[in-house]
file protein-v1.txt (compact mmCIF, C-alpha atoms)
# COMPACT_ATOMS: atom_id res chain seq x y z
CA MET F 270 2.48 16.67 22.02
CA ALA F 271 4.00 13.45 20.72
CA THR F 272 3.85 10.46 23.05
CA THR F 273 6.75 8.10 23.65
CA ALA F 274 5.08 5.58 21.33
CA ASP F 275 4.82 8.23 18.60
CA ARG F 276 8.52 9.05 18.92
CA VAL F 277 9.56 5.38 18.86
CA LEU F 278 7.48 4.81 15.73
CA GLY F 279 8.95 7.95 14.24
CA LEU F 280 12.42 6.56 14.84
CA LEU F 281 11.50 3.26 13.20
CA SER F 282 10.09 5.10 10.17
CA LEU F 283 13.53 6.62 9.51
CA PHE F 284 14.64 3.26 8.10
CA THR F 285 13.71 3.31 4.42
CA GLU F 286 14.82 1.83 1.11
CA GLN F 287 16.76 5.03 0.49
CA ARG F 288 18.48 5.00 3.88
CA ALA F 289 18.81 1.67 5.65
CA ARG F 290 21.40 2.48 8.36
CA TRP F 291 21.28 4.98 11.24
CA THR F 292 23.32 5.77 14.31
CA VAL F 293 21.82 6.92 17.60
CA GLU F 294 23.34 10.39 17.18
CA GLU F 295 22.03 10.82 13.63
CA ALA F 296 18.50 9.77 14.58
CA ALA F 297 18.51 12.03 17.65
CA GLU F 298 19.45 15.02 15.50
CA VAL F 299 16.76 14.37 12.89
CA LEU F 300 14.06 13.72 15.50
CA THR F 301 15.27 16.61 17.70
CA ILE F 302 15.40 14.48 20.85
CA PRO F 303 18.22 14.01 23.38
CA THR F 304 20.81 11.40 22.45
CA SER F 305 20.12 9.60 25.73
CA THR F 306 16.44 9.31 24.80
CA ALA F 307 17.27 8.06 21.30
CA TYR F 308 19.58 5.48 22.82
CA ARG F 309 16.75 4.11 24.99
CA TYR F 310 14.49 3.86 21.96
CA PHE F 311 17.16 2.07 19.91
CA ARG F 312 17.80 -0.32 22.77
CA SER F 313 14.10 -1.18 23.11
CA LEU F 314 13.70 -1.73 19.37
CA ALA F 315 16.84 -3.85 19.27
CA GLU F 316 15.61 -5.99 22.18
CA ALA F 317 12.40 -6.56 20.21
CA GLU F 318 14.61 -7.42 17.17
CA LEU F 319 12.92 -4.73 15.11
CA LEU F 320 16.42 -3.26 14.78
CA SER F 321 19.75 -5.02 14.58
CA SER F 322 23.29 -3.73 15.17
CA ASP F 323 25.91 -5.30 12.93
CA MET F 324 28.45 -2.53 13.64
CA PRO F 325 29.08 -0.69 16.93
CA GLY F 326 26.62 2.19 17.25
CA SER F 327 25.02 1.54 13.83
CA TYR F 328 21.61 -0.03 13.27
CA VAL F 329 19.60 -1.61 10.44
CA LEU F 330 16.17 -3.22 10.41
CA GLY F 331 16.00 -6.50 12.28
CA PRO F 332 14.47 -9.95 11.67
CA ALA F 333 11.23 -9.13 13.49
CA VAL F 334 10.30 -6.91 10.52
CA CYS F 335 10.55 -9.97 8.26
CA ALA F 336 8.35 -11.97 10.64
CA LEU F 337 5.76 -9.19 10.65
CA ASP F 338 5.81 -9.05 6.85
CA ARG F 339 5.11 -12.77 6.62
CA ALA F 340 2.33 -12.49 9.19
CA MET F 341 0.75 -9.78 7.06
CA LEU F 342 1.00 -11.86 3.88
CA VAL F 343 -0.66 -14.81 5.62
CA ASN F 344 -3.32 -12.95 7.60
CA ASP F 345 -4.12 -9.59 6.00
CA PRO F 346 -7.86 -9.59 5.16
CA PHE F 347 -7.41 -7.53 1.99
CA ILE F 348 -4.70 -9.82 0.60
CA ASN F 349 -6.64 -12.95 1.58
CA ALA F 350 -9.78 -11.62 -0.11
CA ALA F 351 -7.89 -10.84 -3.32
CA ALA F 352 -5.23 -13.56 -3.68
CA GLY F 353 -7.40 -16.15 -5.42
CA GLU F 354 -8.81 -13.68 -7.96
CA MET F 355 -5.37 -12.23 -8.63
CA SER F 356 -3.88 -15.67 -9.21
CA ARG F 357 -6.66 -16.46 -11.68
CA LEU F 358 -6.21 -13.16 -13.55
CA ALA F 359 -2.45 -13.65 -13.77
CA ALA F 360 -2.87 -17.21 -15.06
CA ASP F 361 -5.36 -16.07 -17.70
CA HIS F 362 -3.09 -13.22 -18.81
CA PRO F 363 0.51 -14.37 -18.29
CA ASP F 364 2.06 -11.36 -20.04
CA THR F 365 0.69 -8.97 -17.43
CA ILE F 366 1.25 -8.20 -13.77
CA VAL F 367 -1.71 -8.07 -11.38
CA LEU F 368 -1.36 -5.62 -8.49
CA LEU F 369 -3.20 -5.02 -5.25
CA THR F 370 -2.49 -1.57 -3.82
CA ARG F 371 -3.63 0.58 -0.94
CA LEU F 372 -3.00 4.02 0.49
CA TYR F 373 0.13 4.24 2.65
CA ARG F 374 0.78 7.60 4.34
CA ASP F 375 1.10 10.04 1.42
CA THR F 376 1.84 7.36 -1.19
CA VAL F 377 0.18 4.28 -2.67
CA MET F 378 1.88 0.93 -2.07
CA CYS F 379 1.63 -2.47 -3.71
CA VAL F 380 0.82 -5.00 -0.98
CA HIS F 381 0.44 -8.05 -3.23
CA ARG F 382 1.51 -8.94 -6.76
CA GLU F 383 0.89 -11.86 -9.11
CA GLY F 384 2.64 -12.61 -12.39
CA ASP F 385 6.35 -13.04 -12.99
CA ARG F 386 6.84 -12.94 -16.76
CA LEU F 387 6.74 -9.17 -17.11
CA ALA F 388 9.62 -7.12 -15.70
CA ALA F 389 8.30 -3.94 -14.06
CA ASP F 390 10.50 -2.58 -11.31
CA GLY F 391 8.25 0.38 -10.61
CA TYR F 392 5.52 -1.91 -9.30
CA GLU F 393 7.40 -4.01 -6.76
CA ARG F 394 5.63 -5.06 -3.58
CA GLY F 395 6.45 -2.65 -0.76
CA ARG F 396 7.72 0.14 -3.03
CA PRO F 397 5.77 3.38 -2.51
CA MET F 398 4.33 4.91 -5.68
CA PRO F 399 3.53 8.61 -6.17
CA LEU F 400 -0.03 9.68 -5.47
CA ASP F 401 -0.41 11.75 -8.61
CA ARG F 402 0.92 9.25 -11.17
CA GLY F 403 -0.19 5.82 -12.28
CA ALA F 404 -3.60 4.21 -12.60
CA ALA F 405 -3.40 2.39 -9.25
CA SER F 406 -2.84 5.67 -7.39
CA LYS F 407 -5.29 7.79 -9.34
CA VAL F 408 -8.20 5.39 -8.96
CA ILE F 409 -7.68 5.37 -5.17
CA LEU F 410 -7.44 9.16 -5.03
CA ALA F 411 -10.59 9.50 -7.12
CA ASN F 412 -12.58 7.43 -4.63
CA LEU F 413 -11.43 9.02 -1.38
CA SER F 414 -14.04 10.89 0.61
CA PRO F 415 -13.73 14.71 0.51
CA ARG F 416 -12.54 14.64 4.14
CA GLN F 417 -9.83 12.05 3.38
CA PHE F 418 -8.72 13.95 0.30
CA ARG F 419 -8.47 17.27 2.16
CA ALA F 420 -6.44 15.66 4.94
CA LEU F 421 -4.06 14.17 2.37
CA ALA F 422 -3.78 17.45 0.48
CA ARG F 423 -2.70 19.19 3.70
CA THR F 424 0.44 17.06 3.92
CA LYS F 425 3.49 18.88 2.62
CA SER F 426 4.71 16.08 0.35
CA ALA F 427 1.34 15.23 -1.24
CA GLY F 428 -0.58 18.47 -1.36
CA GLU F 429 1.09 20.26 -4.27
CA GLY F 430 0.84 17.31 -6.64
CA ILE F 431 -2.71 16.18 -5.93
CA GLY F 432 -4.10 19.71 -5.69
CA ALA F 433 -3.34 20.57 -9.33
CA PRO F 434 -6.54 21.59 -11.22
CA ARG F 435 -5.71 19.33 -14.17
CA LEU F 436 -5.42 16.30 -11.89
CA GLN F 437 -8.62 17.25 -10.09
CA ASP F 438 -10.48 17.19 -13.42
CA ALA F 439 -8.95 13.82 -14.28
CA LEU F 440 -9.95 12.36 -10.90
CA ARG F 441 -13.55 13.44 -11.35
CA GLY F 442 -13.61 11.65 -14.71
CA ILE F 443 -12.04 8.51 -13.20
CA ARG F 444 -14.60 8.41 -10.40
CA ALA F 445 -17.46 8.83 -12.87
CA GLN F 446 -16.28 6.08 -15.24
CA GLY F 447 -15.16 3.69 -12.50
CA TYR F 448 -11.65 2.94 -13.73
CA ALA F 449 -8.29 4.53 -14.61
CA ILE F 450 -5.99 3.98 -17.59
CA THR F 451 -2.50 5.51 -17.66
CA LYS F 452 0.38 5.11 -20.09
CA GLY F 453 4.04 5.48 -19.17
CA GLU F 454 3.47 7.26 -15.87
CA ILE F 455 5.36 4.78 -13.66
CA ASP F 456 7.39 2.76 -16.19
CA PRO F 457 7.84 4.45 -19.60
CA ASP F 458 6.88 1.39 -21.64
CA LYS F 459 3.97 0.18 -19.45
CA ILE F 460 0.21 0.73 -19.35
CA GLY F 461 -1.75 0.59 -16.12
CA LEU F 462 -5.43 -0.38 -15.87
CA SER F 463 -7.03 -0.04 -12.43
CA VAL F 464 -10.37 -0.26 -10.66
CA PRO F 465 -11.17 0.67 -7.06
CA VAL F 466 -11.93 -1.95 -4.43
CA LEU F 467 -14.59 -0.62 -2.04
CA ARG F 468 -15.72 -1.60 1.44
CA ASP F 469 -19.38 -2.23 2.19
CA ASP F 470 -19.75 1.41 3.33
CA ASN F 471 -18.41 2.56 -0.09
CA SER F 472 -15.11 3.81 1.35
CA VAL F 473 -12.07 2.79 -0.68
CA GLU F 474 -10.03 -0.22 0.45
CA GLY F 475 -7.50 -0.03 -2.36
CA SER F 476 -7.20 -0.84 -6.05
CA LEU F 477 -6.85 -3.84 -8.35
CA SER F 478 -4.72 -3.37 -11.46
CA PHE F 479 -3.27 -4.88 -14.59
CA VAL F 480 0.15 -3.72 -15.81
CA LEU F 481 1.07 -4.56 -19.41
CA ARG F 482 3.47 -3.44 -22.12
CA LYS F 483 2.47 -0.58 -24.39
CA SER F 484 3.17 -2.92 -27.29
CA SER F 485 0.77 -5.56 -25.93
CA LEU F 486 -2.06 -6.69 -28.18
CA CYS F 487 -4.37 -7.27 -25.21
CA ASP F 488 -7.89 -5.85 -25.45
CA GLU F 489 -7.99 -3.12 -22.79
CA HIS F 490 -11.78 -3.20 -22.58
CA GLN F 491 -11.74 -6.95 -21.95
CA LEU F 492 -9.08 -6.53 -19.26
CA LEU F 493 -11.12 -3.80 -17.58
CA ALA F 494 -14.19 -6.03 -17.62
CA GLU F 495 -12.17 -8.79 -15.95
CA LEU F 496 -10.83 -6.36 -13.35
CA ILE F 497 -14.37 -5.28 -12.54
CA ARG F 498 -15.47 -8.89 -12.12
CA GLY F 499 -12.44 -9.57 -9.95
CA ARG F 500 -13.10 -6.46 -7.87
CA LYS F 501 -16.69 -7.56 -7.20
CA ALA F 502 -15.48 -10.97 -6.06
CA ILE F 503 -12.89 -9.37 -3.76
CA GLU F 504 -15.49 -7.01 -2.29
CA GLY F 505 -17.74 -9.99 -1.62
CA ASN F 506 -14.89 -11.84 0.06
CA LEU F 507 -14.11 -8.80 2.22
CA LEU F 508 -17.72 -8.49 3.32
CA LEU F 509 -17.94 -12.20 4.12
CA ALA F 510 -14.71 -12.04 6.14
CA ARG F 511 -16.02 -9.09 8.15
CA LEU F 512 -19.30 -10.85 8.84
CA ARG F 513 -17.46 -13.95 10.01
CA ALA F 514 -15.15 -11.88 12.21
CA THR F 515 -18.13 -10.06 13.73
CA HIS F 516 -19.94 -13.34 14.37
CA SER F 517 -16.81 -14.84 15.91
CA ASP F 518 -16.35 -11.84 18.22
CA THR F 519 -20.01 -12.00 19.28
CA SER F 520 -19.88 -15.75 19.88
CA GLY F 521 -16.70 -15.41 21.91
CA ALA F 522 -18.27 -12.75 24.12
CA ASP F 523 -21.20 -15.02 24.90
CA ASP F 524 -19.09 -18.10 25.52
CA PRO F 525 -19.57 -19.09 29.20
CA THR F 526 -16.14 -20.72 29.23
CA GLU F 527 -14.44 -17.36 28.63
call {"tool": "encode", "arguments": {"input": "protein-v1.txt", "output": "structure tokens"}}
result
Amino acid sequence: MATTADRVLGLLSLFTEQRARWTVEEAAEVLTIPTSTAYRYFRSLAEAELLSSDMPGSYVLGPAVCALDRAMLVNDPFINAAAGEMSRLAADHPDTIVLLTRLYRDTVMCVHREGDRLAADGYERGRPMPLDRGAASKVILANLSPRQFRALARTKSAGEGIGAPRLQDALRGIRAQGYAITKGEIDPDKIGLSVPVLRDDNSVEGSLSFVLRKSSLCDEHQLLAELIRGRKAIEGNLLLARLRATHSDTSGADDPTE
């Protein structure tokens, strides 16, 4: 049975790029909860400024979401571990985009992006990408544990696409070779090159990718080699950050002033 917190989060998740505005009555109908209950949830979220009402009875996302997004950009361990390497890769290859992506529900999402000379709307930060298309998604799928993959395949929206035998064969090949290359799967005129970023227990944290034009004269093998070097540096940074966090937690617990 869903808790109150689950239902409040479910209400907040209704606000998407495709639908940015909801009324209390509309949300109550979709969530199958009483209108009075939905009203209490809207009121709480509005008081926290996660929602904002610019028209009577109608709500959009509020400024607290923007504050949370900035806090993530500044403090997220994955972004912090990768930002320096991504900036270097983008500077060395200005006609590409460098992406950092991770699993988000039943999609893959770009959480950080470097490079601004190449227009590629399909790879915007915060825009969910399909699980079964694109190098960034496929390299993450290929490195999920069997348990994670089965759980994802059980979801209605992801299961049919990622369960296809042809994709399963492709994922096994991607895992074996350690990278993914796709052409035209997200943007018709773009190529994606991606490698997985792994945690110290070998579970997948996300992926690091180059996006370039199909007409680019870049050496794909050289770009892959640079992605692999960048991935190793990011993995080292992640491990170091975890060790520091563990040491800090331990030191704080032993601090007699606490």
call {"tool": "residues_around", "arguments": {"input": "protein-v1.txt", "residues": "range 460-473 of chain F", "least_positions_apart": "5", "cutoff": "7 Å", "atoms": "all atoms listed in the file", "output": "list in words"}}
result
Gly403, Ala404, Ala405, Val408, Ile409, Asn412, Leu413, Gly447, Tyr448, Ala449, Ile450, Thr451, Lys452, Gly453, Ser478, Phe479, Val480, Leu481, Arg482, Lys483, Leu493, Leu496, Ile497, Arg500, Glu504 and Leu508 of chain F
call {"tool": "atom_distance", "arguments": {"input": "protein-v1.txt", "atom1": "CA of Arg498 in chain F", "atom2": "CA of Ala514 in chain F"}}
result
24.5 Å
call {"tool": "atom_distance", "arguments": {"input": "protein-v1.txt", "atom1": "CA of Gly442 in chain F", "atom2": "CA of Gln417 in chain F"}}
result
18.5 Å
call {"tool": "residues_around", "arguments": {"input": "protein-v1.txt", "residues": "range 366-372 of chain F", "least_positions_apart": "2", "cutoff": "9 Å", "atoms": "only C-alpha atoms", "output": "PyMOL selection string"}}
result
chain F and resi 347-348+351-352+355-356+358-359+362-364+374-389+392+394+400+405-406+409-410+463+473-481
call {"tool": "closest_residue", "arguments": {"input": "protein-v1.txt", "among": "F:Ile431, F:Ala502, F:Val277, F:Ala315", "to": "Ala297 in chain F", "atoms": "all atoms listed in the file"}}
result
F:Val277
call {"tool": "residues_around", "arguments": {"input": "protein-v1.txt", "residues": "Pro332 in chain F", "least_positions_apart": "6", "cutoff": "9 Å", "atoms": "all atoms listed in the file", "output": "tab-separated table (two decimals) with C-alpha atoms, keeping the file's coordinate frame"}}
result
chain	number	residue	atom	x	y	z
F	318	GLU	CA	14.61	-7.42	17.17
F	319	LEU	CA	12.92	-4.73	15.11
F	320	LEU	CA	16.42	-3.26	14.78
F	321	SER	CA	19.75	-5.02	14.58
call {"tool": "closest_residue", "arguments": {"input": "protein-v1.txt", "among": "F:Met398, F:Leu512, F:Ala336, F:Ala317", "to": "Glu454 in chain F", "atoms": "all atoms listed in the file"}}
result
F:Met398
call {"tool": "residues_around", "arguments": {"input": "protein-v1.txt", "residues": "Trp291 in chain F", "least_positions_apart": "6", "cutoff": "8 Å", "atoms": "only C-alpha atoms", "output": "JSON, numbers by chain"}}
result
{"F": [284, 327, 328, 329]}
call {"tool": "atom_distance", "arguments": {"input": "protein-v1.txt", "atom1": "CA of Asp458 in chain F", "atom2": "CA of Glu489 in chain F"}}
result
15.6 Å
call {"tool": "closest_residue", "arguments": {"input": "protein-v1.txt", "among": "F:Thr365, F:Ser414, F:Thr424, F:Thr301", "to": "Arg444 in chain F", "atoms": "only C-alpha atoms"}}
result
F:Ser414
call {"tool": "residues_around", "arguments": {"input": "protein-v1.txt", "residues": "Ile503 in chain F", "least_positions_apart": "4", "cutoff": "7 Å", "atoms": "all atoms listed in the file", "output": "short mmCIF file (atom, residue, chain, number, x, y, z; two decimals) with C-alpha atoms, in the frame of the given file"}}
result
data_model
loop_
_atom_site.label_atom_id
_atom_site.label_comp_id
_atom_site.auth_asym_id
_atom_site.auth_seq_id
_atom_site.Cartn_x
_atom_site.Cartn_y
_atom_site.Cartn_z
CA ALA F 350 -9.78 -11.62 -0.11
CA ALA F 351 -7.89 -10.84 -3.32
CA GLY F 499 -12.44 -9.57 -9.95
CA LEU F 507 -14.11 -8.80 2.22
#
call {"tool": "closest_residue", "arguments": {"input": "protein-v1.txt", "among": "F:Gly395, F:Gly353, F:Ser313, F:Cys335", "to": "Tyr373 in chain F", "atoms": "only C-alpha atoms"}}
result
F:Gly395
